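S.K.: Pasting query-v3.csv below, which is CSV, C-alpha atoms.
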```
chain,number,residue,atom,x,y,z
A,71,MET,CA,-26.3,-20.8,-8.5
A,72,ASP,CA,-29.3,-19.1,-6.8
A,73,ALA,CA,-29.3,-15.6,-5.3
A,74,GLY,CA,-29.2,-17.0,-1.7
A,75,THR,CA,-26.0,-18.9,-2.4
A,76,VAL,CA,-24.5,-15.9,-4.1
A,77,ALA,CA,-25.2,-13.7,-1.1
A,78,ILE,CA,-23.5,-16.3,1.2
A,79,VAL,CA,-20.4,-16.4,-1.1
A,80,LEU,CA,-20.2,-12.6,-1.0
A,81,ALA,CA,-20.6,-12.5,2.7
A,82,GLY,CA,-17.9,-15.1,3.1
A,83,LEU,CA,-15.6,-13.0,0.9
A,84,VAL,CA,-16.1,-9.9,2.9
A,85,LEU,CA,-15.5,-11.8,6.1
A,86,ALA,CA,-12.3,-13.4,4.7
A,87,ALA,CA,-11.0,-9.9,3.6
A,88,THR,CA,-11.8,-8.5,7.0
A,89,LEU,CA,-9.8,-11.3,8.7
A,90,LEU,CA,-6.9,-10.7,6.3
A,91,GLY,CA,-7.0,-7.0,7.1
A,92,VAL,CA,-7.0,-7.5,10.9
A,93,LEU,CA,-4.1,-10.0,10.6
A,94,HIS,CA,-2.1,-7.7,8.3
A,95,ARG,CA,-2.7,-4.7,10.6
A,96,ALA,CA,-1.4,-6.8,13.6
A,97,THR,CA,1.9,-7.4,11.9
A,98,GLN,CA,2.5,-3.7,11.0
A,99,GLY,CA,4.7,-1.5,13.1
A,100,ARG,CA,5.8,-4.3,15.4
A,101,ALA,CA,9.5,-4.6,16.4
A,102,ARG,CA,11.1,-8.0,15.8
A,103,THR,CA,14.5,-8.9,17.2
A,104,GLY,CA,16.8,-11.9,16.6
A,105,ASP,CA,18.6,-10.9,13.4
A,106,SER,CA,21.9,-9.4,14.6
A,107,ARG,CA,23.8,-9.2,11.3
A,108,ILE,CA,26.0,-6.3,10.7
A,109,VAL,CA,24.8,-3.8,8.1
A,110,SER,CA,27.3,-2.2,5.9
A,111,ILE,CA,26.3,-0.2,2.8
A,112,GLU,CA,28.8,1.8,0.8
A,113,GLY,CA,28.1,5.5,1.0
A,114,VAL,CA,25.9,5.2,4.1
A,115,ALA,CA,27.3,6.7,7.3
A,116,LEU,CA,26.0,5.3,10.5
A,117,GLY,CA,25.2,7.3,13.6
A,118,GLY,CA,27.6,7.4,16.5
A,119,ARG,CA,25.4,5.5,18.9
A,120,ALA,CA,22.5,4.2,16.8
A,121,THR,CA,21.1,4.3,13.3
A,122,LEU,CA,17.5,4.2,12.1
A,123,LEU,CA,17.8,2.7,8.7
A,124,GLN,CA,14.7,2.9,6.6
A,125,PHE,CA,14.0,1.2,3.3
A,126,SER,CA,11.5,3.0,1.1
A,127,THR,CA,10.2,3.3,-2.4
A,128,GLU,CA,8.7,6.3,-4.1
A,129,VAL,CA,5.3,4.5,-4.4
A,130,CYS,CA,4.7,4.2,-0.7
A,131,ALA,CA,2.5,6.6,1.4
A,132,PRO,CA,3.4,5.2,4.8
A,133,CYS,CA,7.1,5.7,4.0
A,134,LYS,CA,6.6,9.4,4.3
A,135,SER,CA,5.0,9.3,7.7
A,136,THR,CA,7.6,6.9,8.9
A,137,ALA,CA,10.4,9.2,7.6
A,138,ARG,CA,8.9,12.1,9.5
A,139,VAL,CA,8.8,10.2,12.8
A,140,LEU,CA,12.4,8.8,12.4
A,141,ASP,CA,13.8,12.1,11.3
A,142,ASP,CA,12.3,13.8,14.3
A,143,LEU,CA,13.6,11.1,16.7
A,144,ALA,CA,17.1,11.3,15.2
A,145,ALA,CA,17.1,15.1,15.4
A,146,ARG,CA,16.2,14.9,19.1
A,147,THR,CA,18.7,12.3,20.1
A,148,ALA,CA,22.4,12.9,20.1
A,149,ASP,CA,24.5,10.6,17.8
A,150,VAL,CA,21.5,8.9,16.3
A,151,ALA,CA,21.2,9.1,12.5
A,152,HIS,CA,18.2,8.5,10.3
A,153,VAL,CA,19.0,7.0,6.9
A,154,ASP,CA,16.2,6.7,4.3
A,155,LEU,CA,17.2,4.5,1.3
A,156,ASP,CA,15.1,4.3,-1.8
A,157,VAL,CA,15.4,0.7,-2.9
A,158,THR,CA,13.6,1.1,-6.2
A,159,HIS,CA,16.9,1.4,-8.0
A,160,ARG,CA,18.8,-0.7,-5.5
A,161,PRO,CA,16.9,-4.1,-5.5
A,162,ASP,CA,20.1,-5.7,-4.4
A,163,LEU,CA,19.8,-4.0,-1.0
A,164,ALA,CA,16.2,-5.1,-0.7
A,165,SER,CA,17.3,-8.7,-1.4
A,166,ARG,CA,20.4,-8.5,0.9
A,167,TYR,CA,18.4,-7.3,3.9
A,168,ARG,CA,15.3,-9.3,3.0
A,169,VAL,CA,13.0,-6.3,2.6
A,170,LEU,CA,9.5,-7.6,1.6
A,171,GLN,CA,7.6,-4.4,2.1
A,172,THR,CA,8.2,-0.7,2.4
A,173,PRO,CA,8.7,0.9,4.7
A,174,THR,CA,11.0,-1.5,6.6
A,175,THR,CA,13.0,0.0,9.4
A,176,LEU,CA,16.2,-1.5,10.9
A,177,ILE,CA,17.4,-0.2,14.2
A,178,LEU,CA,21.2,-0.6,14.3
A,179,ASP,CA,23.6,-0.2,17.2
A,180,ARG,CA,26.9,1.6,17.2
A,181,ASP,CA,28.6,-1.3,15.4
A,182,GLY,CA,25.9,-1.4,12.7
A,183,ALA,CA,24.4,-4.7,14.1
A,184,VAL,CA,20.7,-5.1,13.6
A,185,ARG,CA,18.9,-4.8,16.9
A,186,ALA,CA,15.3,-4.6,15.7
A,187,ARG,CA,13.3,-4.8,12.5
A,188,ILE,CA,10.0,-3.0,12.0
A,189,GLY,CA,7.8,-3.8,9.0
A,190,GLY,CA,5.3,-1.2,7.9
A,191,ALA,CA,4.6,2.3,9.2
A,192,VAL,CA,6.4,2.8,12.5
A,193,ARG,CA,4.7,3.7,15.8
A,194,ARG,CA,6.7,6.3,17.6
A,195,ASP,CA,6.5,4.6,21.0
A,196,VAL,CA,7.7,1.3,19.5
A,197,VAL,CA,10.8,3.0,18.0
A,198,VAL,CA,11.5,4.9,21.2
A,199,ALA,CA,11.4,1.7,23.3
A,200,GLU,CA,13.7,-0.2,20.9
A,201,LEU,CA,16.1,2.8,20.6
A,202,ASP,CA,16.3,3.2,24.3
A,203,LYS,CA,17.4,-0.5,24.6
A,204,VAL,CA,20.1,0.1,22.0
A,205,LEU,CA,21.3,3.3,23.7
A,206,ALA,CA,21.3,1.7,27.2
A,207,ALA,CA,23.6,-1.1,26.0
B,809,MET,CA,3.2,12.3,18.2
B,810,THR,CA,3.2,16.0,17.5
B,811,ALA,CA,0.1,16.9,15.5
B,812,PRO,CA,1.0,18.9,12.4
B,813,ALA,CA,-1.2,21.9,11.8
B,814,PRO,CA,-4.0,21.1,9.3
B,815,ILE,CA,-2.9,22.0,5.7
B,816,ALA,CA,-5.4,24.0,3.6
B,817,PRO,CA,-6.6,21.6,0.9
B,818,THR,CA,-5.8,24.1,-1.9
B,819,ARG,CA,-3.8,23.1,-5.0
B,820,ALA,CA,-0.9,21.8,-2.8
B,821,ARG,CA,1.3,19.0,-4.2
B,822,GLY,CA,-0.5,16.3,-2.3
B,823,ILE,CA,-4.1,15.0,-2.3
B,824,ASP,CA,-6.5,14.4,0.6
B,825,PRO,CA,-5.6,10.8,1.7
B,826,ARG,CA,-9.3,10.0,2.3
B,827,GLY,CA,-10.1,10.5,-1.4
B,828,PRO,CA,-8.4,7.3,-2.6
B,829,ARG,CA,-10.0,5.3,0.3
B,830,VAL,CA,-13.4,6.5,-0.8
B,831,VAL,CA,-12.6,5.6,-4.4
B,832,ALA,CA,-11.4,2.1,-3.2
B,833,GLY,CA,-14.7,1.7,-1.3
B,834,ILE,CA,-16.7,2.4,-4.5
B,835,VAL,CA,-14.4,0.0,-6.5
B,836,ALA,CA,-14.9,-2.7,-3.8
B,837,ILE,CA,-18.6,-2.5,-4.1
B,838,THR,CA,-18.5,-2.5,-7.9
B,839,PHE,CA,-16.4,-5.8,-7.7
B,840,LEU,CA,-18.9,-7.4,-5.3
B,841,ALA,CA,-21.5,-6.8,-8.1
B,842,VAL,CA,-19.1,-8.2,-10.7
B,843,ILE,CA,-18.6,-11.4,-8.6
B,844,ALA,CA,-22.4,-11.7,-8.0
B,845,PHE,CA,-23.2,-11.3,-11.7
B,846,ALA,CA,-20.4,-13.7,-12.7
B,847,LEU,CA,-21.6,-16.4,-10.2
B,848,LEU,CA,-25.2,-16.1,-11.5
B,849,GLY,CA,-23.6,-16.2,-15.0
B,850,LEU,CA,-22.3,-19.7,-14.4
B,851,GLU,CA,-25.8,-20.9,-15.1
B,852,THR,CA,-27.5,-18.0,-16.9
B,853,PRO,CA,-25.3,-16.5,-19.7
B,854,ALA,CA,-27.0,-13.1,-19.6
B,855,TRP,CA,-25.7,-12.5,-16.1
B,856,GLY,CA,-22.2,-13.4,-17.3
B,857,ILE,CA,-22.5,-10.7,-20.0
B,858,ALA,CA,-23.6,-8.3,-17.3
B,859,ALA,CA,-20.5,-9.2,-15.3
B,860,LEU,CA,-18.3,-8.7,-18.4
B,861,VAL,CA,-19.8,-5.3,-19.1
B,862,LEU,CA,-19.3,-4.1,-15.5
B,863,ALA,CA,-15.7,-5.5,-15.6
B,864,ILE,CA,-15.0,-3.6,-18.8
B,865,TYR,CA,-16.4,-0.4,-17.3
B,866,SER,CA,-14.1,-0.9,-14.2
B,867,ALA,CA,-11.1,-1.6,-16.4
B,868,ALA,CA,-11.7,1.6,-18.3
B,869,ILE,CA,-12.0,3.6,-15.1
B,870,PHE,CA,-8.7,2.0,-13.8
B,871,LEU,CA,-6.9,2.7,-17.0
B,872,PHE,CA,-8.0,6.3,-17.1
B,873,ALA,CA,-7.0,6.9,-13.5
B,874,ALA,CA,-3.6,5.1,-13.9
B,875,ILE,CA,-2.8,7.3,-16.9
B,876,ALA,CA,-4.4,10.6,-15.9
B,877,GLY,CA,-3.5,10.2,-12.2
B,878,VAL,CA,-5.6,9.7,-9.1
B,879,PRO,CA,-6.3,13.4,-8.7
B,880,ARG,CA,-8.4,13.2,-11.9
B,881,HIS,CA,-10.2,10.0,-10.9
B,882,PRO,CA,-14.0,10.3,-11.6
B,883,TYR,CA,-14.9,8.8,-8.2
B,884,GLY,CA,-12.4,11.1,-6.6
B,885,ILE,CA,-14.2,14.1,-8.1
B,886,LEU,CA,-17.4,12.7,-6.6
B,887,PHE,CA,-15.6,12.6,-3.2
B,888,ARG,CA,-14.3,16.2,-3.6
B,889,THR,CA,-17.6,17.7,-4.5
B,890,LEU,CA,-20.0,15.7,-2.4
B,891,ILE,CA,-18.1,14.4,0.7
B,892,ARG,CA,-15.1,16.5,1.4
B,893,PRO,CA,-16.9,19.8,1.9
B,894,ARG,CA,-18.6,18.2,4.9
B,895,LEU,CA,-15.4,17.0,6.5
B,896,LYS,CA,-12.6,18.8,8.4
B,897,PRO,CA,-9.5,19.6,6.3
B,898,PRO,CA,-7.1,16.7,6.2
B,899,VAL,CA,-4.3,16.7,8.8
B,900,GLU,CA,-1.8,15.9,6.1
B,901,LEU,CA,-1.7,15.6,2.3
B,902,GLU,CA,-0.5,12.5,0.5
B,903,ASP,CA,1.6,12.0,-2.6
B,904,PRO,CA,-0.8,10.8,-5.4
B,905,THR,CA,1.8,8.4,-6.9
B,906,PRO,CA,1.1,5.3,-4.6
B,907,PRO,CA,-2.7,5.3,-5.2
B,908,THR,CA,-2.1,5.9,-9.0
B,909,PHE,CA,0.1,2.9,-9.0
B,910,ALA,CA,-2.6,0.9,-7.3
B,911,GLN,CA,-5.0,1.9,-10.1
B,912,GLY,CA,-2.6,0.4,-12.6
B,913,VAL,CA,-2.5,-2.9,-10.6
B,914,GLY,CA,-6.3,-2.9,-10.6
B,915,PHE,CA,-6.3,-2.5,-14.4
B,916,VAL,CA,-3.9,-5.4,-14.9
B,917,VAL,CA,-6.0,-7.7,-12.6
B,918,THR,CA,-9.3,-6.7,-14.3
B,919,ILE,CA,-8.1,-7.0,-17.9
B,920,ALA,CA,-6.7,-10.4,-17.0
B,921,GLY,CA,-10.2,-11.5,-15.9
B,922,ILE,CA,-11.8,-10.0,-19.0
B,923,LEU,CA,-9.3,-11.8,-21.4
B,924,LEU,CA,-9.7,-15.1,-19.5
B,925,PHE,CA,-13.4,-14.8,-19.8
B,926,ILE,CA,-13.0,-15.7,-23.5
B,927,PRO,CA,-11.7,-19.2,-22.9
B,928,PHE,CA,-13.0,-19.9,-19.4
B,929,GLY,CA,-16.3,-18.0,-19.1
B,930,PRO,CA,-17.6,-16.2,-16.0
B,931,ILE,CA,-15.4,-18.1,-13.5
B,932,ALA,CA,-12.5,-15.9,-14.7
B,933,LEU,CA,-14.3,-12.9,-13.5
B,934,VAL,CA,-15.2,-14.5,-10.2
B,935,ILE,CA,-11.5,-15.1,-9.5
B,936,ALA,CA,-10.1,-11.8,-10.9
B,937,GLY,CA,-13.1,-9.9,-9.2
B,938,ALA,CA,-12.3,-11.5,-5.9
B,939,ALA,CA,-8.6,-10.4,-6.1
B,940,ALA,CA,-9.6,-6.9,-7.1
B,941,PHE,CA,-12.3,-6.8,-4.3
B,942,VAL,CA,-9.9,-7.9,-1.6
B,943,ALA,CA,-7.2,-5.3,-2.6
B,944,ALA,CA,-9.8,-2.5,-2.8
B,945,PHE,CA,-11.5,-3.5,0.4
B,946,LEU,CA,-8.3,-3.7,2.4
B,947,ASN,CA,-7.2,-0.4,0.9
B,948,SER,CA,-10.5,1.3,1.8
B,949,VAL,CA,-11.1,-0.2,5.3
B,950,PHE,CA,-7.6,-0.9,6.5
B,951,ALA,CA,-5.5,1.7,4.6
B,952,TYR,CA,-3.6,-1.2,3.1
B,953,CYS,CA,-0.9,0.0,0.7
B,954,LEU,CA,-0.8,-2.2,-2.3
B,955,GLY,CA,2.2,-0.4,-3.8
B,956,CYS,CA,4.2,-1.0,-0.6
B,957,GLN,CA,4.5,-4.7,-1.5
B,958,ILE,CA,3.8,-5.1,-5.2
B,959,TYR,CA,6.0,-2.2,-6.4
B,960,LEU,CA,8.9,-3.5,-4.3
B,961,LEU,CA,8.4,-7.0,-5.6
B,962,LEU,CA,8.5,-5.7,-9.2
B,963,ALA,CA,11.6,-3.7,-8.4
B,964,ARG,CA,13.2,-6.8,-6.9
B,965,LEU,CA,12.3,-8.8,-10.0
B,966,GLY,CA,14.0,-6.2,-12.1
B,967,ILE,CA,10.9,-5.1,-13.8
B,968,LEU,CA,11.0,-1.6,-12.4
B,969,GLY,CA,13.8,0.8,-11.6
B,970,LYS,CA,16.6,-0.8,-13.7
B,971,ARG,CA,18.7,2.4,-13.7
B,972,GLY,CA,20.9,0.9,-11.0
B,973,ALA,CA,21.8,4.3,-9.5
B,974,ALA,CA,22.3,4.5,-5.8
B,975,THR,CA,19.9,7.0,-4.2
B,976,ALA,CA,21.2,7.1,-0.7
```
Would it be possible to restate this file's structure as structure tokens?

M.R.:
Amino acid sequence: MDAGTVAIVLAGLVLAATLLGVLHRATQGRARTGDSRIVSIEGVALGGRATLLQFSTEVCAPCKSTARVLDDLAARTADVAHVDLDVTHRPDLASRYRVLQTPTTLILDRDGAVRARIGGAVRRDVVVAELDKVLAA
Amino acid sequence: MTAPAPIAPTRARGIDPRGPRVVAGIVAITFLAVIAFALLGLETPAWGIAALVLAIYSAAIFLFAAIAGVPRHPYGILFRTLIRPRLKPPVELEDPTPPTFAQGVGFVVTIAGILLFIPFGPIALVIAGAAAFVAAFLNSVFAYCLGCQIYLLLARLGILGKRGAATA
């Protein structure tokens, strides 16, 4: 393989990695709806009107920023709880709720039904919009 | 979002989150060189040896950082002495555990390429190098968090965190 071909291969690799990064970033922090299963985990008390249920691991930098945002929102909103579960030692929960990345946040209504799912670091405005929908219902 | 006050970068528990991203940038460039040498090595064995040497060097750096922790990463020291004095203090500090885990993943991928070089030759380093490059590049440019998916996957497969204690 000559040097010119090598340069083309490397450029292609950088381009492919960039596309992958752009695609991945586009999926992060977006709210998805459509899964309305009821969440029930022993030892976890739900909020009176809504619950921000976060799945984390200890090896996860964006989990910490997400926890700060959700903690703050829960503190400002009456009857809304923030629950942060470390699934490192509870892989059964990760499987049961199909958690493929951390953080994953489920927004639950008063009955514990999933109203939205957010993969990756949350954006405050996205959580507020989804939470408002749940609280208005 | 309320902006937290800047934290003085002094011996706090966390590290400057920009450090690991600079480290990942240097690693990504190193692996572009590994891939280039390995591709040239498909025809010219001397280049293949050069790729192997650079891969062994990278594996050694990964292993050191995975054991000693990212705060003692040699490239991180480069960042702290040369780059950070010219930047504003970080808005927030980060736990060094996630980037340290990523160094371990980097080591596993690189050592796999090195071992597979023995039966398969330079193509092993092209493939392992491409995997390591993509991870390091995404981490550096897009702040992609390798641990957020791989660590969880290992936990789900039962390789990590078998203690089974609820930590609610």

S.K.: Calculate how many Å separate CA of Phe887 in chain B from CA of Ile823 in chain B, rounding to one decimal.

M.R.: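 A separation of 11.8 Å between them.
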
S.K.: What residues in chain A lie within 9 Å of chain B, counting all atoms listed in the file, written as an NGL selection string?

M.R.: :A and (71-73 or 76-77 or 79-80 or 83-84 or 86-88 or 90-92 or 94-95 or 113-114 or 126-134 or 139 or 153-162 or 164-165 or 169-173 or 190 or 194-195)

S.K.: So that I have them on file, write out the residues from the current selection with C-alpha atoms, as an mmCIF file, in the frame of the given file.

M.R.:
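The new file selection_6.cif reads:
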```cif
data_model
loop_
_atom_site.group_PDB
_atom_site.id
_atom_site.type_symbol
_atom_site.label_atom_id
_atom_site.label_comp_id
_atom_site.auth_asym_id
_atom_site.auth_seq_id
_atom_site.Cartn_x
_atom_site.Cartn_y
_atom_site.Cartn_z
ATOM 1 C CA MET A 71 -26.300 -20.800 -8.500
ATOM 2 C CA ASP A 72 -29.300 -19.100 -6.800
ATOM 3 C CA ALA A 73 -29.300 -15.600 -5.300
ATOM 4 C CA VAL A 76 -24.500 -15.900 -4.100
ATOM 5 C CA ALA A 77 -25.200 -13.700 -1.100
ATOM 6 C CA VAL A 79 -20.400 -16.400 -1.100
ATOM 7 C CA LEU A 80 -20.200 -12.600 -1.000
ATOM 8 C CA LEU A 83 -15.600 -13.000 0.900
ATOM 9 C CA VAL A 84 -16.100 -9.900 2.900
ATOM 10 C CA ALA A 86 -12.300 -13.400 4.700
ATOM 11 C CA ALA A 87 -11.000 -9.900 3.600
ATOM 12 C CA THR A 88 -11.800 -8.500 7.000
ATOM 13 C CA LEU A 90 -6.900 -10.700 6.300
ATOM 14 C CA GLY A 91 -7.000 -7.000 7.100
ATOM 15 C CA VAL A 92 -7.000 -7.500 10.900
ATOM 16 C CA HIS A 94 -2.100 -7.700 8.300
ATOM 17 C CA ARG A 95 -2.700 -4.700 10.600
ATOM 18 C CA GLY A 113 28.100 5.500 1.000
ATOM 19 C CA VAL A 114 25.900 5.200 4.100
ATOM 20 C CA SER A 126 11.500 3.000 1.100
ATOM 21 C CA THR A 127 10.200 3.300 -2.400
ATOM 22 C CA GLU A 128 8.700 6.300 -4.100
ATOM 23 C CA VAL A 129 5.300 4.500 -4.400
ATOM 24 C CA CYS A 130 4.700 4.200 -0.700
ATOM 25 C CA ALA A 131 2.500 6.600 1.400
ATOM 26 C CA PRO A 132 3.400 5.200 4.800
ATOM 27 C CA CYS A 133 7.100 5.700 4.000
ATOM 28 C CA LYS A 134 6.600 9.400 4.300
ATOM 29 C CA VAL A 139 8.800 10.200 12.800
ATOM 30 C CA VAL A 153 19.000 7.000 6.900
ATOM 31 C CA ASP A 154 16.200 6.700 4.300
ATOM 32 C CA LEU A 155 17.200 4.500 1.300
ATOM 33 C CA ASP A 156 15.100 4.300 -1.800
ATOM 34 C CA VAL A 157 15.400 0.700 -2.900
ATOM 35 C CA THR A 158 13.600 1.100 -6.200
ATOM 36 C CA HIS A 159 16.900 1.400 -8.000
ATOM 37 C CA ARG A 160 18.800 -0.700 -5.500
ATOM 38 C CA PRO A 161 16.900 -4.100 -5.500
ATOM 39 C CA ASP A 162 20.100 -5.700 -4.400
ATOM 40 C CA ALA A 164 16.200 -5.100 -0.700
ATOM 41 C CA SER A 165 17.300 -8.700 -1.400
ATOM 42 C CA VAL A 169 13.000 -6.300 2.600
ATOM 43 C CA LEU A 170 9.500 -7.600 1.600
ATOM 44 C CA GLN A 171 7.600 -4.400 2.100
ATOM 45 C CA THR A 172 8.200 -0.700 2.400
ATOM 46 C CA PRO A 173 8.700 0.900 4.700
ATOM 47 C CA GLY A 190 5.300 -1.200 7.900
ATOM 48 C CA ARG A 194 6.700 6.300 17.600
ATOM 49 C CA ASP A 195 6.500 4.600 21.000
#
```

S.K.: Give me, please, the distance in Å between CA of Ala137 in chain A and CA of Leu89 in chain A, quoted to one decimal.

M.R.: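 Straight-line distance from CA of Ala137 in chain A to CA of Leu89 in chain A works out to 28.8 Å.
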
S.K.: Using all atoms listed in the file, which of the listed residues (B:Gly856, B:Asp824, B:Phe915, B:Val835) sits closest to Phe928 in chain B?

M.R.: B:Gly856

S.K.: Compile a residue-level contact table for range 93-153 of chain A against range 175-180 of chain A at a cut-off of 12 Å, reporting for every qualifying residue the shortest atom pair and its distance in Å to one decimal, with all atoms listed in the file counted, rows ordered by chain and ascending number, as a Markdown table.

M.R.:
```
| residue | atom | partner | partner_atom | distance |
| --- | --- | --- | --- | --- |
| A:Gln98 | CA | A:Thr175 | CA | 11.2 |
| A:Gly99 | CA | A:Thr175 | CA | 9.2 |
| A:Arg100 | CA | A:Thr175 | CA | 10.3 |
| A:Ala101 | CA | A:Thr175 | CA | 9.1 |
| A:Arg102 | CA | A:Leu176 | CA | 9.6 |
| A:Thr103 | CA | A:Ile177 | CA | 9.6 |
| A:Gly104 | CA | A:Leu176 | CA | 11.9 |
| A:Asp105 | CA | A:Leu176 | CA | 10.0 |
| A:Ser106 | CA | A:Leu178 | CA | 8.8 |
| A:Arg107 | CA | A:Leu178 | CA | 9.5 |
| A:Ile108 | CA | A:Leu178 | CA | 8.3 |
| A:Val109 | CA | A:Leu178 | CA | 7.9 |
| A:Ser110 | CA | A:Leu178 | CA | 10.5 |
| A:Ala115 | CA | A:Arg180 | CA | 11.1 |
| A:Leu116 | CA | A:Arg180 | CA | 7.7 |
| A:Gly117 | CA | A:Arg180 | CA | 7.0 |
| A:Gly118 | CA | A:Arg180 | CA | 5.9 |
| A:Arg119 | CA | A:Arg180 | CA | 4.5 |
| A:Ala120 | CA | A:Asp179 | CA | 4.6 |
| A:Thr121 | CA | A:Leu178 | CA | 5.0 |
| A:Leu122 | CA | A:Ile177 | CA | 4.9 |
| A:Leu123 | CA | A:Leu176 | CA | 5.0 |
| A:Gln124 | CA | A:Thr175 | CA | 4.4 |
| A:Phe125 | CA | A:Thr175 | CA | 6.3 |
| A:Ser126 | CA | A:Thr175 | CA | 9.0 |
| A:Pro132 | CA | A:Thr175 | CA | 11.8 |
| A:Cys133 | CA | A:Thr175 | CA | 9.8 |
| A:Thr136 | CA | A:Thr175 | CA | 8.8 |
| A:Ala137 | CA | A:Thr175 | CA | 9.7 |
| A:Val139 | CA | A:Thr175 | CA | 11.5 |
| A:Leu140 | CA | A:Thr175 | CA | 9.3 |
| A:Ala144 | CA | A:Ile177 | CA | 11.5 |
| A:Asp149 | CA | A:Arg180 | CA | 9.3 |
| A:Val150 | CA | A:Arg180 | CA | 9.1 |
| A:Ala151 | CA | A:Leu178 | CA | 9.9 |
| A:His152 | CA | A:Ile177 | CA | 9.6 |
| A:Val153 | CA | A:Thr175 | CA | 9.6 |
```

S.K.: Give me, as a list in words, all polymer residues having an atom no more than 12 Å from Leu924 in chain B, counting all atoms listed in the file and skipping those fewer than 4 positions away in the same chain.

M.R.: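 Contacts, in chain order: Leu860, Ala863, Val917, Thr918, Ile919, Ala920, Phe928, Gly929, Pro930, Ile931, Ala932, Leu933, Val934, Ile935 and Ala936 of chain B.
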
S.K.: By how many Å are CA of Pro927 in chain B and CA of Ile837 in chain B apart?

M.R.: 26.1 Å

S.K.: Taking into account all atoms listed in the file, which residue in the set B:Phe870, B:Gly921, B:Ser948, B:Val899 is nearest to Ser135 in chain A?

M.R.: B:Val899

S.K.: For Arg138 in chain A, which residue out of A:Leu93, A:Val198, A:Ile78, A:Val192 is the nearest one, using all atoms listed in the file?

M.R.: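 Of all the options, A:Val192 lies closest to Arg138 in chain A.
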
S.K.: Kindly indicate which residue among B:Val831, B:Ala854, B:Val842, B:Leu895 lies nearest to Ile869 in chain B, using only C-alpha atoms for the distances.

M.R.: B:Val831

S.K.: For the point (-12.6, 11.4, -2.4) in the file's frame, write as a list in words all residues with an atom no more than 6 Å away, counting only C-alpha atoms.

M.R.: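 Within the cut-off we find Arg826, Gly827, Pro828, Val830, Gly884, Phe887 and Arg888 of chain B.
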